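Asks: Okay, here's the structure, questions in a sec.
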Amino acid sequence: MGSDILRAVIDQLGLLSNSQRRPLSVVLHGGEPLLLGLPDMRRLVEGLSKAMRADAGLHVQTNGVLLSDEFIELFAEHEVGVSISLDGPAEIHDRNRLDRNGRGSHSQVIEAIARLVAHPAGEQILSGLLAVVDPSSDPIEVYEALKATGTPAFDLLYRDGNHSELPPGKESFESTEYGSWMIRLLDHYLADQTPPRIRVLDDLMRLILGGHSRKEGVGPEQYGILVVDTDGTITRNDTLKVAHAGADRFDAQHSIVQTDLLSLLGTKEFADYFDLHAPTSPICRRCPELTICGGGMPAHRWSRARGYDNPTVFCRDQQVLISAMRARLEQTRPPAPKMAASRA
Amino acid sequence: MSTTDSLSTQRPEDAAELSIPVDSVAIERLIEEVRSGDSVEAASYNRTYNRHNR
C-alpha cells in the first residue's frame with residue numbers, strides 16, 4: 001500500500017466517520033492484512049485512531065501466522081480488536097489453511113492465539129475466532145477446539161457457493177448438510193455451562209427473541225459495506241466475488257486517492273448496490289422466517305439464470321436451523337401456572 | 001479493508017414475555033440482552049469484526 005493510498009484511507013475514513021450518524025466500523029482483512037508490515041500498520045492504525053470519531057470500531061481479521069508480539073503491542077495500544085481465523089482442530093484447519101510452504105498453519109495459529117490471550121490486554125482486544133464450516137467435520141470437535149483456545153467468542157461462515165456452483169459439501173438446494181451441522185453445534189452450545197459466544201447462533205436466536213442482529217447476512221439489518229483494496233480501488237462488498245467475476249466492482253472505477261468517498265455514497269450506483277441486499281425472490285418475500293434469516297448473503301443468492309433473484313442457496317439449511325432454534329427456545333418457556341391445592 | 005454503516009429496519013418487540021427461567025447459559029444471556037434493549041455490547045463482541053479471511 002503506497003503512502004498516498006495510506007494517507008487517503010486515513011483522511012477519507014476520518015471524514016466519513018465524522019459525517020455519518022451510526023458509528024463507522026473499519027475492518028482490516030484480506031487476503032492477509034498483516035502482510036502490510038509493522039511500520040505501515042502502525043501508520044494506518046495511529047492515523048485512523050486519531051482521524052475517526054471515538055465511537056468508531058477498528059478491527060483486524062488475520063490468519064494469525066504473522067501475529068508477532070510487536071503487532072499485539074500495537075493493537076493493544078490502540079484498542080484494535082483482533083479476530084483470528086481458526087477452523088477447528090488441526091486435521092480440520094489444515095485441510096484448507098496452508099502456509100506459503102504448503103504446510104498446515106494450525107500450530108502457528110494456536111501459538112499466536114495463546115500469546116494474544118496471555119497479553120495483559122488480551123481480554124480486551126481478542127474479539128474472537130472465525131471458522132469456516134466444513135460439513136464433513138464433527139461440530140462438537142470444532143466447538144471444543146475453538147473453546148479450548150480461551151477465546152471469548154467465535155463466529156462461523158458457510159463455505160462459498162451459489163446456485164450455479166454449489167458450496168462444497170452441499171448436495172443440492174434441498175439438502176441440509178450445513179443446517180444439520182449447525183443444529184448439532186447448537187445443541188452442544190446450549191448445553192454448555194460455560195459457553196463462549198457464537199455470533200451467528202446468537203444473532204439468529206436474538207432475532208427470534210425480538211432483538212437485533214449484528215452480522216451481515218442475518219436478519220433485516222442492512223450494512224453499507226465498502227472495500228478498499230491495497231491498490232486504493234474502492235469496490236462493493238468483496239463477498240460478491242462468490243457470485244461471479246467482477247460482481248464486486250462498481251460500474252465506474254473508483255480510487256480512495258481520487259474519489260470523494262462521501263460523494264460516492266450519494267450516487268445511484270451506490271444506492272443500487274445497497275438495494276441489492278434486500279432479497280427480491282418471491283420465495284423470500286413470502287417466507288415467514290424472512291425477518292430472522294434476512295435472505296442470506298447476496299452472493300449466496302446468485303444463479304446464472306436469475307442473477308440475485310433467488311433465495312440463498314443455504315435456504316433449506318437456514319430453515320431447519322431456525323426451526324430447531326424455535327423448538328429449543330420454546331422449551332425454555334415455563335409451564336402454565338397450576339392451581340394451588342390445599343387440604344383443610 | 002472494509003467499512004460499514006447500517007440502517008436499522010428492525011421492528012420493536014415486546015420483551016415482557018422473556019421473563020422466564022431458563023437452564024441454558026447461552027439462552028439466558030441472550031434473553032437478558034434483549035430485555036435490556038440489546039445494550040449489552042462488549043467491545044470484544046463488535047458487530048462487524050468477523051469479515052472473512054479464508
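Just so we're on the same page: first chain in the C-alpha cells is A, next is B, and so on; residues restart at 1 for each chain, and ligands are numbered from 1 in the order they show up.
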How close does chain A get to chain B? List, as JSON lines, each residue of chain A within 7 Å, its nearest atom pair and the distance in Å to one decimal, counting only C-alpha atoms.
Replies:
{"residue": "A:Arg22", "atom": "CA", "partner": "B:Asp5", "partner_atom": "CA", "distance": 6.3}
{"residue": "A:Pro23", "atom": "CA", "partner": "B:Asp5", "partner_atom": "CA", "distance": 6.9}
{"residue": "A:Leu24", "atom": "CA", "partner": "B:Asp5", "partner_atom": "CA", "distance": 5.7}
{"residue": "A:Ser25", "atom": "CA", "partner": "B:Thr4", "partner_atom": "CA", "distance": 5.4}
{"residue": "A:Val26", "atom": "CA", "partner": "B:Thr3", "partner_atom": "CA", "distance": 4.6}
{"residue": "A:Val27", "atom": "CA", "partner": "B:Ser2", "partner_atom": "CA", "distance": 5.4}
{"residue": "A:Leu28", "atom": "CA", "partner": "B:Met1", "partner_atom": "CA", "distance": 4.3}
{"residue": "A:His29", "atom": "CA", "partner": "B:Met1", "partner_atom": "CA", "distance": 5.4}
{"residue": "A:Gly30", "atom": "CA", "partner": "B:Asn53", "partner_atom": "CA", "distance": 5.8}
{"residue": "A:Gly31", "atom": "CA", "partner": "B:Asn53", "partner_atom": "CA", "distance": 6.2}
{"residue": "A:His59", "atom": "CA", "partner": "B:Tyr49", "partner_atom": "CA", "distance": 5.8}
{"residue": "A:Gln61", "atom": "CA", "partner": "B:Arg51", "partner_atom": "CA", "distance": 6.5}
{"residue": "A:Thr62", "atom": "CA", "partner": "B:Asn53", "partner_atom": "CA", "distance": 6.5}
{"residue": "A:Asn63", "atom": "CA", "partner": "B:Asn53", "partner_atom": "CA", "distance": 6.7}
{"residue": "A:Ser83", "atom": "CA", "partner": "B:Asn50", "partner_atom": "CA", "distance": 6.7}
{"residue": "A:Ser85", "atom": "CA", "partner": "B:Asn53", "partner_atom": "CA", "distance": 6.5}
{"residue": "A:Gln124", "atom": "CA", "partner": "B:Ser44", "partner_atom": "CA", "distance": 6.2}
{"residue": "A:Ile125", "atom": "CA", "partner": "B:Ser44", "partner_atom": "CA", "distance": 6.5}
{"residue": "A:Leu126", "atom": "CA", "partner": "B:Ser44", "partner_atom": "CA", "distance": 6.4}
{"residue": "A:Ser127", "atom": "CA", "partner": "B:Ser44", "partner_atom": "CA", "distance": 4.4}
{"residue": "A:Leu130", "atom": "CA", "partner": "B:Asn50", "partner_atom": "CA", "distance": 6.4}
{"residue": "A:Leu190", "atom": "CA", "partner": "B:Ser24", "partner_atom": "CA", "distance": 5.5}
{"residue": "A:Ala191", "atom": "CA", "partner": "B:Ser24", "partner_atom": "CA", "distance": 6.2}
{"residue": "A:Gln193", "atom": "CA", "partner": "B:Val25", "partner_atom": "CA", "distance": 5.9}
{"residue": "A:Pro195", "atom": "CA", "partner": "B:Ala26", "partner_atom": "CA", "distance": 6.5}
{"residue": "A:Arg206", "atom": "CA", "partner": "B:Leu30", "partner_atom": "CA", "distance": 6.1}
{"residue": "A:Gly210", "atom": "CA", "partner": "B:Glu13", "partner_atom": "CA", "distance": 5.3}
{"residue": "A:Gly211", "atom": "CA", "partner": "B:Val34", "partner_atom": "CA", "distance": 5.1}
{"residue": "A:His212", "atom": "CA", "partner": "B:Asp38", "partner_atom": "CA", "distance": 6.9}
{"residue": "A:Arg214", "atom": "CA", "partner": "B:Arg47", "partner_atom": "CA", "distance": 4.5}
{"residue": "A:Lys215", "atom": "CA", "partner": "B:Arg47", "partner_atom": "CA", "distance": 5.9}
{"residue": "A:Pro220", "atom": "CA", "partner": "B:Thr9", "partner_atom": "CA", "distance": 6.2}
{"residue": "A:Glu221", "atom": "CA", "partner": "B:Ser8", "partner_atom": "CA", "distance": 5.5}
{"residue": "A:Gln222", "atom": "CA", "partner": "B:Ser6", "partner_atom": "CA", "distance": 5.6}
{"residue": "A:Tyr223", "atom": "CA", "partner": "B:Ser6", "partner_atom": "CA", "distance": 4.4}
{"residue": "A:Gly224", "atom": "CA", "partner": "B:Thr4", "partner_atom": "CA", "distance": 5.2}
{"residue": "A:Ile225", "atom": "CA", "partner": "B:Thr4", "partner_atom": "CA", "distance": 4.5}
{"residue": "A:Leu226", "atom": "CA", "partner": "B:Ser2", "partner_atom": "CA", "distance": 5.3}
{"residue": "A:Val227", "atom": "CA", "partner": "B:Ser2", "partner_atom": "CA", "distance": 4.2}
{"residue": "A:Val228", "atom": "CA", "partner": "B:Met1", "partner_atom": "CA", "distance": 5.3}
{"residue": "A:Asp229", "atom": "CA", "partner": "B:Met1", "partner_atom": "CA", "distance": 6.6}
{"residue": "A:Thr332", "atom": "CA", "partner": "B:Val22", "partner_atom": "CA", "distance": 5.3}
{"residue": "A:Arg333", "atom": "CA", "partner": "B:Ile20", "partner_atom": "CA", "distance": 6.1}
{"residue": "A:Pro334", "atom": "CA", "partner": "B:Ile20", "partner_atom": "CA", "distance": 6.2}
Asks: So what do you get for atom CA of A:Val257 versus atom CA of A:Leu48, distance-wise?
Replies: 15.8 Å
Asks: Could you check the closest approach to A:His254 for each of A:Val242, A:Ile283, A:Ile234, A:Ala271 and tell me which residue wins, using only C-alpha atoms?
Replies: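 Checking each candidate against A:His254, we get A:Ile234 as the closest.
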Asks: Give me, as a ChimeraX atom specification, the residues of stretch 84-148 of chain A that a backbone DSSP run labels strand (DSSP E or B).
Replies: /A:84-85,98,104,126-132
Asks: Create the file for the chosen residues now, containing all heavy atoms and written as a compact mmCIF listing (two decimals), in the first residue's frame.
Replies:
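Written output follows (again-v2.txt):
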# COMPACT_ATOMS: atom_id res chain seq x y z
N ILE A 84 -9.13 -13.94 14.80
CA ILE A 84 -8.20 -14.86 14.14
C ILE A 84 -8.96 -16.01 13.50
O ILE A 84 -9.89 -16.56 14.10
CB ILE A 84 -7.17 -15.38 15.17
CG1 ILE A 84 -6.35 -14.21 15.72
CG2 ILE A 84 -6.26 -16.43 14.54
CD1 ILE A 84 -5.32 -14.59 16.76
N SER A 85 -8.55 -16.35 12.30
CA SER A 85 -9.21 -17.44 11.57
C SER A 85 -8.67 -18.78 12.04
O SER A 85 -7.47 -19.05 11.96
CB SER A 85 -8.97 -17.29 10.07
OG SER A 85 -9.42 -16.03 9.63
N LEU A 98 -3.13 -23.46 4.55
CA LEU A 98 -1.73 -23.84 4.45
C LEU A 98 -0.86 -22.58 4.42
O LEU A 98 -1.29 -21.53 3.96
CB LEU A 98 -1.49 -24.64 3.16
CG LEU A 98 -2.42 -25.84 2.95
CD1 LEU A 98 -2.19 -26.46 1.57
CD2 LEU A 98 -2.21 -26.88 4.04
N GLY A 104 0.38 -27.10 6.87
CA GLY A 104 -0.75 -26.64 7.66
C GLY A 104 -0.31 -25.59 8.67
O GLY A 104 0.78 -25.68 9.24
N LEU A 126 -8.86 -9.36 22.03
CA LEU A 126 -9.21 -10.57 21.29
C LEU A 126 -10.73 -10.60 21.08
O LEU A 126 -11.50 -10.91 21.99
CB LEU A 126 -8.76 -11.84 22.02
CG LEU A 126 -9.19 -13.16 21.36
CD1 LEU A 126 -8.68 -13.25 19.92
CD2 LEU A 126 -8.70 -14.36 22.16
N SER A 127 -11.15 -10.24 19.88
CA SER A 127 -12.58 -10.22 19.58
C SER A 127 -13.14 -11.63 19.49
O SER A 127 -14.25 -11.89 19.92
CB SER A 127 -12.82 -9.52 18.24
OG SER A 127 -12.38 -8.19 18.30
N GLY A 128 -12.38 -12.51 18.88
CA GLY A 128 -12.88 -13.87 18.74
C GLY A 128 -12.17 -14.60 17.62
O GLY A 128 -11.16 -14.13 17.08
N LEU A 129 -12.70 -15.76 17.29
CA LEU A 129 -12.16 -16.57 16.21
C LEU A 129 -13.21 -16.70 15.12
O LEU A 129 -14.41 -16.54 15.38
CB LEU A 129 -11.79 -17.97 16.73
CG LEU A 129 -10.86 -18.03 17.94
CD1 LEU A 129 -10.61 -19.49 18.34
CD2 LEU A 129 -9.54 -17.31 17.66
N LEU A 130 -12.74 -16.96 13.93
CA LEU A 130 -13.64 -17.14 12.79
C LEU A 130 -13.35 -18.48 12.13
O LEU A 130 -12.21 -18.74 11.74
CB LEU A 130 -13.44 -16.00 11.78
CG LEU A 130 -14.27 -16.09 10.50
CD1 LEU A 130 -15.75 -16.08 10.81
CD2 LEU A 130 -13.92 -14.95 9.56
N ALA A 131 -14.36 -19.32 12.05
CA ALA A 131 -14.18 -20.65 11.46
C ALA A 131 -15.08 -20.79 10.23
O ALA A 131 -16.22 -20.33 10.23
CB ALA A 131 -14.54 -21.73 12.48
N VAL A 132 -14.57 -21.41 9.21
CA VAL A 132 -15.37 -21.75 8.05
C VAL A 132 -15.85 -23.19 8.23
O VAL A 132 -15.07 -24.08 8.54
CB VAL A 132 -14.56 -21.60 6.75
CG1 VAL A 132 -15.38 -22.04 5.55
CG2 VAL A 132 -14.10 -20.15 6.57
